[in-house]
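Shown below: model04.csv, with CSV, C-alpha atoms.
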chain,number,residue,atom,x,y,z
Z,13,MET,CA,0.0,0.0,0.0
Z,14,ASP,CA,1.4,3.4,-1.0
Z,15,ILE,CA,1.2,6.4,1.2
Z,16,TYR,CA,1.3,10.1,0.7
Z,17,ARG,CA,2.3,12.1,3.8
Z,18,PRO,CA,1.5,15.8,3.1
Z,19,LEU,CA,3.4,17.0,6.2
Z,20,SER,CA,6.4,14.7,5.8
Z,21,GLN,CA,5.6,12.7,8.9
Z,22,ARG,CA,8.4,10.5,10.2
Z,23,LYS,CA,8.0,6.9,9.1
Z,24,GLU,CA,7.8,5.7,12.7
Z,25,CYS,CA,4.8,7.9,13.4
Z,26,ARG,CA,1.3,6.4,13.4
Z,27,PRO,CA,-1.4,8.5,11.9
Z,28,TYR,CA,-4.1,9.8,14.2
Z,29,SER,CA,-6.6,10.1,11.4
Z,30,TRP,CA,-6.4,9.1,7.7
Z,31,VAL,CA,-8.0,8.6,4.4
Z,32,ASP,CA,-8.0,5.4,2.3
Z,33,ILE,CA,-8.3,6.0,-1.5
Z,34,ASN,CA,-8.9,2.9,-3.6
Z,35,LEU,CA,-7.3,3.7,-7.0
Z,36,LYS,CA,-8.6,0.5,-8.6
Z,37,LYS,CA,-12.2,1.7,-7.9
Z,38,VAL,CA,-11.2,5.2,-9.3
Z,39,GLN,CA,-10.1,3.5,-12.5
Z,40,SER,CA,-13.3,1.4,-12.7
Z,41,ASN,CA,-15.4,4.5,-12.2
Z,42,TYR,CA,-13.5,6.3,-14.9
Z,43,ILE,CA,-14.1,3.5,-17.4
Z,44,GLN,CA,-17.9,3.6,-16.5
Z,45,TRP,CA,-18.0,7.3,-17.3
Z,46,LYS,CA,-15.9,6.8,-20.5
Z,47,THR,CA,-18.2,4.0,-21.7
Z,48,LEU,CA,-21.3,6.1,-20.9
Z,49,VAL,CA,-20.2,9.1,-23.0
Z,50,GLU,CA,-18.5,7.4,-26.0
Z,51,PRO,CA,-17.8,8.5,-28.7
Z,52,SER,CA,-17.2,11.7,-26.8
Z,53,ILE,CA,-13.9,12.0,-24.9
Z,54,CYS,CA,-14.0,11.5,-21.2
Z,55,SER,CA,-11.5,13.8,-19.4
Z,56,ALA,CA,-10.6,14.1,-15.7
Z,57,VAL,CA,-10.8,17.2,-13.6
Z,58,LEU,CA,-8.1,17.0,-10.9
Z,59,LYS,CA,-8.1,20.6,-9.6
Z,60,ALA,CA,-7.6,21.2,-5.9
Z,61,ASN,CA,-5.3,18.2,-5.6
Z,62,ALA,CA,-7.9,15.9,-7.1
Z,63,TYR,CA,-10.6,17.3,-4.8
Z,64,GLY,CA,-8.2,16.9,-1.8
Z,65,LEU,CA,-7.3,13.3,-2.4
Z,66,GLY,CA,-4.0,13.5,-4.2
Z,67,ALA,CA,-3.7,14.6,-7.9
Z,68,ILE,CA,-0.5,12.7,-8.6
Z,69,PRO,CA,-1.5,9.1,-7.5
Z,70,VAL,CA,-5.0,9.6,-8.9
Z,71,GLY,CA,-3.6,11.0,-12.2
Z,72,GLN,CA,-1.2,8.1,-12.5
Z,73,ALA,CA,-4.0,5.6,-12.0
Z,74,LEU,CA,-6.2,7.4,-14.5
Z,75,LEU,CA,-3.4,7.5,-17.0
Z,76,ALA,CA,-3.0,3.7,-16.6
Z,77,ALA,CA,-6.8,3.4,-17.2
Z,78,GLY,CA,-6.5,5.2,-20.5
Z,79,CYS,CA,-7.3,8.8,-19.6
Z,80,ARG,CA,-5.3,11.3,-21.7
Z,81,HIS,CA,-7.1,14.6,-21.0
Z,82,PHE,CA,-6.6,16.3,-17.6
Z,83,PHE,CA,-7.7,19.6,-16.1
Z,84,VAL,CA,-6.2,21.5,-13.2
Z,85,ALA,CA,-7.0,25.1,-12.0
Z,86,TYR,CA,-3.6,26.7,-11.5
Z,87,LEU,CA,-0.2,26.7,-13.1
Z,88,ASP,CA,1.5,25.4,-10.0
Z,89,GLU,CA,-0.9,22.5,-9.9
Z,90,ALA,CA,0.0,21.7,-13.5
Z,91,ILE,CA,3.7,21.8,-12.8
Z,92,ALA,CA,3.3,19.4,-9.7
Z,93,PHE,CA,1.2,17.1,-11.9
Z,94,TYR,CA,3.8,17.1,-14.6
Z,95,GLU,CA,6.5,16.2,-12.1
Z,96,GLY,CA,4.4,13.3,-10.7
Z,97,LEU,CA,3.5,11.8,-14.0
Z,98,LYS,CA,7.1,12.2,-15.3
Z,99,GLU,CA,7.9,9.1,-13.2
Z,100,LEU,CA,5.8,7.0,-15.6
Z,101,GLY,CA,7.6,8.4,-18.6
Z,102,ALA,CA,4.5,10.4,-19.6
Z,103,SER,CA,4.6,14.1,-20.6
Z,104,PRO,CA,2.2,16.8,-21.8
Z,105,SER,CA,1.5,17.4,-25.5
Z,106,SER,CA,-1.1,18.9,-27.7
Z,107,VAL,CA,-1.4,15.5,-29.4
Z,108,PRO,CA,-2.2,12.7,-26.9
Z,109,ASP,CA,-1.0,9.2,-27.4
Z,110,SER,CA,0.2,6.3,-25.2
Z,111,SER,CA,3.0,8.3,-23.6
Z,112,HIS,CA,1.6,11.8,-24.0
Z,113,TYR,CA,-1.4,13.5,-22.4
Z,114,ARG,CA,-3.1,16.9,-22.6
Z,115,LEU,CA,-3.0,19.1,-19.5
Z,116,PHE,CA,-5.3,22.1,-19.4
Z,117,ILE,CA,-5.1,25.0,-17.0
Z,118,LEU,CA,-8.7,26.1,-16.3
Z,119,ASP,CA,-7.8,29.5,-14.8
Z,120,GLY,CA,-5.5,30.4,-17.6
Z,121,PRO,CA,-2.4,32.5,-17.5
Z,122,LEU,CA,-2.4,34.8,-14.5
Z,123,THR,CA,0.1,37.1,-16.2
Z,124,PRO,CA,1.6,37.5,-19.7
Z,125,GLU,CA,4.9,36.1,-18.4
Z,126,ALA,CA,3.2,32.9,-17.5
Z,127,HIS,CA,3.1,32.0,-21.2
Z,128,ASP,CA,6.9,31.2,-21.0
Z,129,VAL,CA,6.2,28.5,-18.4
Z,130,ILE,CA,3.1,27.2,-20.1
Z,131,GLU,CA,4.9,26.9,-23.4
Z,132,HIS,CA,8.0,25.3,-21.8
Z,133,TYR,CA,6.0,22.5,-20.2
Z,134,ARG,CA,3.6,22.1,-23.2
Z,135,PHE,CA,0.5,22.9,-21.1
Z,136,ILE,CA,-2.7,24.1,-22.7
Z,137,PRO,CA,-4.2,27.3,-21.3
Z,138,VAL,CA,-7.9,27.9,-21.1
Z,139,LEU,CA,-8.5,31.5,-22.1
Z,140,ASN,CA,-11.3,33.3,-20.4
Z,141,THR,CA,-11.2,36.8,-22.0
Z,142,LEU,CA,-10.7,38.5,-25.3
Z,143,GLU,CA,-7.5,40.0,-23.9
Z,144,ASN,CA,-6.2,36.5,-23.0
Z,145,ALA,CA,-6.6,35.5,-26.7
Z,146,ILE,CA,-4.9,38.6,-28.0
Z,147,GLU,CA,-2.0,38.2,-25.6
Z,148,LEU,CA,-1.4,34.6,-26.4
Z,149,ASN,CA,-1.6,35.2,-30.2
Z,150,ALA,CA,0.9,38.0,-29.8
Z,151,TYR,CA,3.2,35.9,-27.7
Z,152,ALA,CA,3.0,33.0,-30.2
Z,153,LYS,CA,3.8,35.2,-33.2
Z,154,GLN,CA,6.7,36.8,-31.3
Z,155,HIS,CA,8.1,33.3,-30.8
Z,156,SER,CA,7.3,32.2,-34.4
Z,157,GLN,CA,5.2,29.3,-33.5
Z,158,LYS,CA,1.6,28.2,-33.2
Z,159,LEU,CA,0.4,27.4,-29.7
Z,160,PRO,CA,-2.6,25.4,-28.5
Z,161,ALA,CA,-5.4,26.9,-26.4
Z,162,VAL,CA,-9.0,26.6,-25.4
Z,163,MET,CA,-11.5,29.4,-25.4
Z,164,HIS,CA,-14.0,29.3,-22.5
Z,165,PHE,CA,-17.4,30.9,-23.2
Z,166,ASP,CA,-19.6,32.0,-20.3
Z,167,THR,CA,-23.1,30.9,-21.2
Z,168,GLY,CA,-24.7,31.8,-17.9
Z,169,LEU,CA,-22.6,30.8,-14.9
Z,170,ARG,CA,-21.1,34.3,-14.7
Z,171,ARG,CA,-17.9,33.1,-13.1
Z,172,LEU,CA,-15.1,32.7,-15.7
Z,173,GLY,CA,-15.3,32.8,-19.5
Z,174,LEU,CA,-15.8,35.1,-22.4
Z,175,PRO,CA,-18.8,37.3,-21.5
Z,176,THR,CA,-21.8,37.0,-23.8
Z,177,GLU,CA,-21.4,40.6,-24.8
Z,178,ASP,CA,-17.9,39.9,-26.2
Z,179,VAL,CA,-18.9,36.8,-28.3
Z,180,ALA,CA,-19.8,38.8,-31.4
Z,181,THR,CA,-16.4,40.6,-31.3
Z,182,PHE,CA,-14.5,37.3,-30.8
Z,183,LYS,CA,-16.4,35.7,-33.7
Z,184,GLU,CA,-15.7,38.7,-36.0
Z,185,MET,CA,-12.0,38.5,-35.1
Z,186,TYR,CA,-12.0,34.7,-35.5
Z,187,VAL,CA,-13.6,34.9,-39.0
Z,188,GLN,CA,-11.1,37.7,-40.0
Z,189,GLY,CA,-8.2,35.4,-39.0
Z,190,SER,CA,-7.1,37.6,-36.1
Z,191,PHE,CA,-5.7,34.6,-34.2
Z,192,PRO,CA,-3.4,32.9,-36.7
Z,193,ALA,CA,-0.9,31.8,-34.1
Z,194,ILE,CA,-3.4,29.9,-31.9
Z,195,ASP,CA,-4.3,26.3,-32.4
Z,196,TRP,CA,-7.8,26.1,-31.0
Z,197,ILE,CA,-8.0,22.6,-29.4
Z,198,PHE,CA,-11.6,23.1,-28.5
Z,199,PHE,CA,-14.0,25.6,-27.1
Z,200,MET,CA,-15.8,25.1,-23.8
Z,201,SER,CA,-18.5,26.3,-21.3
Z,202,HIS,CA,-19.7,25.2,-17.9
Z,203,ALA,CA,-23.1,24.3,-16.6
Z,204,ALA,CA,-24.6,26.5,-13.9
Z,205,ALA,CA,-27.4,24.3,-12.5
Z,206,SER,CA,-26.7,20.7,-13.7
Z,207,SER,CA,-27.6,19.3,-10.3
Z,208,ILE,CA,-31.2,20.5,-10.8
Z,209,PRO,CA,-32.3,18.9,-14.1
Z,210,GLU,CA,-35.5,21.0,-14.3
Z,211,HIS,CA,-33.7,24.3,-13.7
Z,212,ALA,CA,-34.3,26.9,-16.5
Z,213,ALA,CA,-30.6,27.6,-16.7
Z,214,ASN,CA,-30.1,24.2,-18.3
Z,215,THR,CA,-32.3,24.9,-21.3
Z,216,PHE,CA,-30.9,28.5,-21.6
Z,217,GLN,CA,-27.3,27.3,-21.6
Z,218,LEU,CA,-27.8,24.4,-23.9
Z,219,ASN,CA,-29.4,26.8,-26.4
Z,220,ALA,CA,-26.4,29.1,-26.1
Z,221,VAL,CA,-24.0,26.1,-26.5
Z,222,GLN,CA,-25.9,25.1,-29.7
Z,223,ARG,CA,-25.5,28.5,-31.2
Z,224,LEU,CA,-21.8,28.5,-30.4
Z,225,ARG,CA,-21.4,25.1,-32.0
Z,226,GLU,CA,-23.2,26.4,-35.1
Z,227,ASP,CA,-21.1,29.6,-35.2
Z,228,PHE,CA,-17.8,27.6,-34.8
Z,229,SER,CA,-18.7,24.3,-36.4
Z,230,ASN,CA,-15.2,23.3,-37.1
Z,231,ILE,CA,-14.1,23.5,-33.5
Z,232,PRO,CA,-14.8,20.7,-31.0
Z,233,PHE,CA,-16.8,21.7,-27.9
Z,234,SER,CA,-16.9,20.7,-24.2
Z,235,TYR,CA,-19.7,21.5,-21.9
Z,236,ALA,CA,-20.7,18.8,-19.4
Z,237,ASP,CA,-19.3,18.2,-15.9
Z,238,SER,CA,-20.2,15.0,-14.0
Z,239,GLU,CA,-23.8,16.1,-13.2
Z,240,ALA,CA,-24.4,17.7,-16.6
Z,241,VAL,CA,-23.4,14.4,-18.3
Z,242,LEU,CA,-26.6,12.8,-16.8
Z,243,LEU,CA,-28.8,15.5,-18.4
Z,244,GLY,CA,-28.5,13.5,-21.7
Z,245,ARG,CA,-26.4,13.1,-24.7
Z,246,LYS,CA,-27.2,16.6,-25.9
Z,247,THR,CA,-24.7,17.8,-23.2
Z,248,HIS,CA,-21.9,15.5,-24.1
Z,249,CYS,CA,-20.7,17.4,-27.2
Z,250,ASP,CA,-17.1,16.3,-28.1
Z,251,MET,CA,-15.7,16.1,-24.6
Z,252,VAL,CA,-17.0,15.8,-21.0
Z,253,ARG,CA,-15.1,16.8,-17.9
Z,254,VAL,CA,-15.7,14.4,-14.9
Z,255,GLY,CA,-14.5,15.5,-11.5
Z,256,ILE,CA,-16.4,14.4,-8.3
Z,257,GLY,CA,-18.0,11.6,-10.3
Z,258,LEU,CA,-14.6,9.7,-10.4
Z,259,TYR,CA,-14.8,8.9,-6.7
Z,260,GLY,CA,-18.3,7.2,-6.6
Z,261,VAL,CA,-19.7,10.1,-4.8
Z,262,HIS,CA,-22.2,11.0,-7.5
Z,263,PRO,CA,-25.6,9.8,-6.5
Z,264,PHE,CA,-27.2,9.3,-9.9
Z,265,LEU,CA,-25.1,6.9,-11.9
Z,266,PRO,CA,-25.7,3.2,-11.0
Z,267,GLY,CA,-22.6,1.0,-10.6
Z,268,LEU,CA,-20.1,3.6,-9.4
Z,269,GLN,CA,-18.1,2.5,-6.4
Z,270,ASN,CA,-17.2,4.7,-3.4
Z,271,CYS,CA,-13.4,5.0,-3.4
Z,272,ILE,CA,-13.1,6.9,-0.1
Z,273,SER,CA,-12.9,5.9,3.5
Z,274,ILE,CA,-12.0,8.2,6.4
Z,275,PHE,CA,-10.9,6.9,9.9
Z,276,SER,CA,-9.8,8.3,13.2
Z,277,THR,CA,-8.5,6.9,16.5
Z,278,ILE,CA,-9.9,6.9,20.0
Z,279,LEU,CA,-7.6,8.9,22.4
Z,280,GLN,CA,-9.6,8.7,25.6
Z,281,ILE,CA,-12.7,7.1,27.1
Z,282,GLN,CA,-14.8,8.5,30.0
Z,283,ASP,CA,-17.8,7.6,32.0
Z,284,VAL,CA,-20.0,10.7,32.4
Z,285,PRO,CA,-23.0,10.9,34.7
Z,286,ALA,CA,-26.4,12.4,33.8
Z,287,GLY,CA,-26.7,16.2,33.6
Z,288,GLN,CA,-23.1,16.9,32.4
Z,289,GLY,CA,-22.3,19.2,29.5
Z,290,ILE,CA,-19.9,18.0,26.8
Z,291,GLY,CA,-17.7,20.1,24.6
Z,292,TYR,CA,-17.6,23.9,24.0
Z,293,ASP,CA,-20.6,25.9,25.2
Z,294,TRP,CA,-22.1,22.6,26.5
Z,295,CYS,CA,-24.1,22.3,23.3
Z,296,TYR,CA,-24.9,18.8,24.4
Z,297,SER,CA,-25.8,17.6,27.9
Z,298,THR,CA,-26.2,14.0,29.0
Z,299,THR,CA,-29.7,12.9,30.0
Z,300,SER,CA,-28.5,9.6,31.5
Z,301,PRO,CA,-25.1,8.1,32.4
Z,302,ARG,CA,-23.1,7.8,29.2
Z,303,ARG,CA,-19.7,6.3,28.1
Z,304,ILE,CA,-18.0,8.7,25.7
Z,305,ALA,CA,-14.9,8.5,23.6
Z,306,THR,CA,-12.7,11.4,22.3
Z,307,LEU,CA,-11.4,11.1,18.7
Z,308,ALA,CA,-8.2,12.5,17.2
Z,309,CYS,CA,-9.9,14.6,14.6
Z,310,GLY,CA,-11.7,17.9,14.3
Z,311,TYR,CA,-12.5,20.8,12.0
Z,312,ALA,CA,-8.7,21.4,11.3
Z,313,ASP,CA,-8.9,18.0,9.6
Z,314,GLY,CA,-12.1,18.9,7.7
Z,315,ILE,CA,-14.3,16.8,10.2
Z,316,THR,CA,-17.2,19.1,11.1
Z,317,HIS,CA,-20.8,19.0,12.4
Z,318,GLN,CA,-22.1,22.3,11.1
Z,319,LYS,CA,-25.8,21.5,11.6
Z,320,PRO,CA,-26.3,20.6,15.3
Z,321,ASP,CA,-30.0,20.2,14.6
Z,322,ARG,CA,-29.1,17.2,12.3
Z,323,ASP,CA,-27.7,14.0,13.8
Z,324,LEU,CA,-24.2,12.9,12.7
Z,325,TYR,CA,-23.1,9.3,13.2
Z,326,PHE,CA,-19.8,7.5,12.9
Z,327,TYR,CA,-19.2,3.7,13.1
Z,328,LEU,CA,-17.3,1.8,15.7
Z,329,HIS,CA,-16.9,-2.0,15.4
Z,330,GLY,CA,-19.9,-1.9,13.0
Z,331,HIS,CA,-22.1,0.0,15.6
Z,332,LYS,CA,-23.6,3.3,14.8
Z,333,VAL,CA,-22.4,5.9,17.3
Z,334,PRO,CA,-23.6,9.6,17.5
Z,335,VAL,CA,-21.3,12.6,17.6
Z,336,LEU,CA,-21.9,14.6,20.7
Z,337,GLY,CA,-21.7,18.4,21.1
Z,338,ARG,CA,-19.5,20.8,19.1
Z,339,VAL,CA,-16.6,19.5,17.1
Z,340,SER,CA,-13.3,21.1,18.2
Z,341,MET,CA,-10.2,22.0,16.1
Z,342,ASP,CA,-8.5,18.6,16.8
Z,343,LEU,CA,-11.0,16.6,18.7
Z,344,CYS,CA,-14.6,15.4,18.7
Z,345,VAL,CA,-16.6,13.2,21.0
Z,346,ILE,CA,-18.8,10.2,20.3
Z,347,ASP,CA,-21.2,8.1,22.4
Z,348,VAL,CA,-19.9,4.5,22.8
Z,349,THR,CA,-22.3,3.5,25.6
Z,350,ASP,CA,-23.8,0.7,23.5
Z,351,VAL,CA,-20.5,-0.6,22.0
Z,352,PRO,CA,-18.9,-3.2,24.3
Z,353,ASP,CA,-15.2,-3.6,24.7
Z,354,THR,CA,-14.4,-0.2,23.4
Z,355,LYS,CA,-10.8,0.8,24.2
Z,356,VAL,CA,-8.3,3.5,23.6
Z,357,GLY,CA,-6.6,3.1,20.2
Z,358,ASP,CA,-9.7,1.7,18.5
Z,359,THR,CA,-10.4,2.8,14.9
Z,360,VAL,CA,-13.6,4.7,14.1
Z,361,GLU,CA,-15.1,4.9,10.6
Z,362,ILE,CA,-16.2,8.4,9.7
Z,363,ILE,CA,-16.9,7.6,6.1
Z,364,GLY,CA,-16.6,4.2,4.5
Z,365,ASP,CA,-18.6,1.0,4.1
Z,366,HIS,CA,-21.2,2.0,6.7
Z,367,ALA,CA,-21.2,5.8,6.5
Z,368,SER,CA,-21.6,7.4,3.1
Z,369,ILE,CA,-20.2,10.7,2.0
Z,370,ALA,CA,-23.8,11.7,1.1
Z,371,ASP,CA,-24.9,11.0,4.7
Z,372,TYR,CA,-22.0,13.0,6.1
Z,373,ALA,CA,-22.6,15.9,3.7
Z,374,ALA,CA,-26.4,16.0,4.6
Z,375,ALA,CA,-25.6,16.1,8.3
Z,376,ASN,CA,-23.4,19.1,7.7
Z,377,GLY,CA,-25.6,20.8,5.2
Z,378,ILE,CA,-22.9,20.9,2.5
Z,379,PRO,CA,-22.5,19.5,-1.1
Z,380,ASP,CA,-20.6,16.2,-1.4
Z,381,HIS,CA,-17.6,17.7,-3.1
Z,382,ARG,CA,-17.0,20.0,-0.1
Z,383,VAL,CA,-16.5,17.0,2.1
Z,384,LEU,CA,-13.5,16.0,0.0
Z,385,THR,CA,-12.0,19.4,-0.7
Z,386,GLY,CA,-12.3,20.3,3.0
Z,387,LEU,CA,-10.1,17.4,4.2
Z,388,GLY,CA,-7.1,18.8,6.0
Z,389,ASP,CA,-3.4,18.2,5.3
Z,390,ARG,CA,-2.8,16.4,8.6
Z,391,LEU,CA,-4.9,13.5,7.4
Z,392,TRP,CA,-2.6,10.9,5.9
Z,393,ARG,CA,-3.6,9.6,2.5
Z,394,PHE,CA,-3.2,5.9,1.8
Z,395,PHE,CA,-3.6,4.5,-1.7
Z,396,SER,CA,-4.4,1.0,-2.7
Once you've parsed the file, please lay out its structure as structure tokens.
Amino acid sequence: MDIYRPLSQRKECRPYSWVDINLKKVQSNYIQWKTLVEPSICSAVLKANAYGLGAIPVGQALLAAGCRHFFVAYLDEAIAFYEGLKELGASPSSVPDSSHYRLFILDGPLTPEAHDVIEHYRFIPVLNTLENAIELNAYAKQHSQKLPAVMHFDTGLRRLGLPTEDVATFKEMYVQGSFPAIDWIFFMSHAAASSIPEHAANTFQLNAVQRLREDFSNIPFSYADSEAVLLGRKTHCDMVRVGIGLYGVHPFLPGLQNCISIFSTILQIQDVPAGQGIGYDWCYSTTSPRRIATLACGYADGITHQKPDRDLYFYLHGHKVPVLGRVSMDLCVIDVTDVPDTKVGDTVEIIGDHASIADYAAANGIPDHRVLTGLGDRLWRFFS
């Protein structure tokens, strides 16, 4: 079993809390998405360190499973990814094959000087403004070469991308040949409300995407994220971008496997009489004598209980145990009264075979992906 220690822990140290990531299940999930969307290309979004799980080991596993198109958000993420996959003899290229992959930077070049680095590593920037396109074209002409890029069109999310009011100008410049030094790999957009199939934004954006595809019929297009894929083939276009769906978290595609388990360790056990407050502000008080256990995890590790009016449960020796009171920075408390033979050092399942990410997210009132991206660096990551 491989291990990634983000804080360079000494080998003789034992983790207090940790995450298990099953890479074989990640590969299996990717193949399911790939099969579902064929003949469209299935790419992988590994921004935010693969949603907090480890972009390098996840990327290596996906490369072995046949994925050749990867997205990250920042340039430094791209460089780290490049270094990690270099161990496998793979490198970025605008033309993917068995030893080359395409690596896209979603947030584009932060400064004009970033083009030197992007070109050196053969990354592909996603351009989000007219100015981005003009700058890249000028840079490429200055260096007497044609460089690959993607243009991102904002069709309604109003976050990143070429604003609707600039599309006509871009089209005019494109038709006039104003970007001769740019090799447009594809154009893209991003769904605003794909998790709500009946939302009016979906029809609005798909109509906008269709118009763009008609206006630029010779350029491939990418629109769908994990959830938008399930709105139907009309969203697939030429490439889909699967992120959270790689980990089996997505609730709508049958057959996906949960790849993530999170565990912590019992540090202390106490017998508490009735009428005692537990934790900060005594948000919980015992109504009868209870046996409680303190775990070595808290909100600094991404383990939270943000909705005290909703019950949150972990699992100990297969038994469902409630979280009591407010979660602290490094610690939280569970009720182990009904679990015989509990002892210090026992392992408690926070998410895994018994407790789903969806259940945990619901108890915290947050979307599933925030569970993963919120995991702290102190948690050791184990890969199998």
Proximity of stretch 144-248 of chain Z to stretch 56-69 of chain Z: per-residue shortest pair, 12 Å limit, all atoms listed in the file, as a tab-separated table:
residue	atom	partner	partner_atom	distance
Z:Ala236	CA	Z:Val57	CA	11.6
Z:Asp237	CA	Z:Val57	CA	8.9
Z:Ser238	CA	Z:Val57	CA	9.7
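Residue nearest Z:Pro104, chosen from Z:Pro160, Z:Gly377, Z:Pro352, Z:Gly310 and counting all atoms listed in the file: Z:Pro160.
Taking all atoms listed in the file into account, Z:Gln269 lies nearest to Z:Asp365 out of the set Z:Asp365, Z:Glu239, Z:Asp371, Z:Glu95.
Proximity ranking of Z:Leu115, Z:Ile197, Z:Val252, Z:Ile136 relative to Z:Thr47 places Z:Val252 first, based on only C-alpha atoms.
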Just give me the residues with any atom within 12 Å of (4.3, 15.7, -15.8), file coordinates, counting all atoms listed in the file, written as an NGL selection string. :Z and (67-68 or 71-72 or 75 or 82 or 88-105 or 111-115 or 132-135)
Students should find that atom CA of Z:Lys332 and atom CA of Z:Tyr372 are spaced 13.1 Å
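Of the listed residues (Z:Lys183, Z:His211, Z:His317, Z:His248), Z:Lys183 comes nearest to Z:Asp227; the distances count all atoms listed in the file.
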Between stretch 41-133 of chain Z and stretch 142-149 of chain Z, at 9 Å or less, what are the per-residue closest atom pairs and their distances in Å? Count all atoms listed in the file, order by chain and rising residue number, and return it as a Markdown table.
| residue | atom | partner | partner_atom | distance |
| --- | --- | --- | --- | --- |
| Z:Gly120 | CA | Z:Asn144 | CA | 8.2 |
| Z:Pro121 | CA | Z:Asn144 | CA | 7.8 |
| Z:Pro124 | CA | Z:Glu147 | CA | 6.9 |
| Z:His127 | CA | Z:Leu148 | CA | 7.4 |
| Spatial neighbours of Z:Gly291, 10 Å, all atoms listed in the file, chain gap at least 5 places, as a list in words | Tyr296, Ser297, Leu336, Gly337, Arg338, Val339, Ser340, Leu343, Cys344 and Val345 of chain Z
note - atom CA of Z:Ile256 and atom CA of Z:Val333 are separated by 27.6 Å
re atom CA of Z:Ile274 and atom CA of Z:Thr385: distance 13.3 Å
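Once Z:Phe228 and its same-chain neighbours fewer than 6 positions away are set aside, Z:Met163, Z:Val179, Z:Ala180, Z:Phe182, Z:Lys183, Z:Glu184, Z:Tyr186, Z:Val187, Z:Trp196, Z:Phe198, Z:Phe199, Z:Met200, Z:Val221, Z:Gln222 remain within 12 Å of it when counting only C-alpha atoms.
Considering the residues Z:Ile362, Z:Ile281, Z:Leu48, Z:Val70 and counting all atoms listed in the file, Z:Leu265 has its shortest atom-to-atom contact with Z:Leu48.
With only C-alpha atoms taken into account, the protein and nucleic acid residues at most 8 Å from Z:Ala367 (excluding it and anything under 6 positions from it in its own chain) are Tyr325, Phe326, Tyr327 and Glu361 of chain Z.
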Residues within 12 Å of Z:Thr306, please, as a compact mmCIF listing (two decimals) with C-alpha atoms, in the coordinates of the input. Count only C-alpha atoms; anything in the same chain fewer than 5 positions from it doesn't count.
# COMPACT_ATOMS: atom_id res chain seq x y z
CA TYR Z 28 -4.10 9.80 14.20
CA SER Z 276 -9.80 8.30 13.20
CA THR Z 277 -8.50 6.90 16.50
CA ILE Z 278 -9.90 6.90 20.00
CA LEU Z 279 -7.60 8.90 22.40
CA GLN Z 280 -9.60 8.70 25.60
CA ILE Z 281 -12.70 7.10 27.10
CA GLN Z 282 -14.80 8.50 30.00
CA ASP Z 283 -17.80 7.60 32.00
CA ILE Z 290 -19.90 18.00 26.80
CA GLY Z 291 -17.70 20.10 24.60
CA VAL Z 335 -21.30 12.60 17.60
CA LEU Z 336 -21.90 14.60 20.70
CA GLY Z 337 -21.70 18.40 21.10
CA VAL Z 339 -16.60 19.50 17.10
CA SER Z 340 -13.30 21.10 18.20
CA ASP Z 342 -8.50 18.60 16.80
CA LEU Z 343 -11.00 16.60 18.70
CA CYS Z 344 -14.60 15.40 18.70
CA VAL Z 345 -16.60 13.20 21.00
CA ILE Z 346 -18.80 10.20 20.30
CA ASP Z 347 -21.20 8.10 22.40
CA VAL Z 348 -19.90 4.50 22.80
CA THR Z 354 -14.40 -0.20 23.40
CA LYS Z 355 -10.80 0.80 24.20
CA VAL Z 356 -8.30 3.50 23.60
CA GLY Z 357 -6.60 3.10 20.20
CA ASP Z 358 -9.70 1.70 18.50
CA THR Z 359 -10.40 2.80 14.90
CA VAL Z 360 -13.60 4.70 14.10
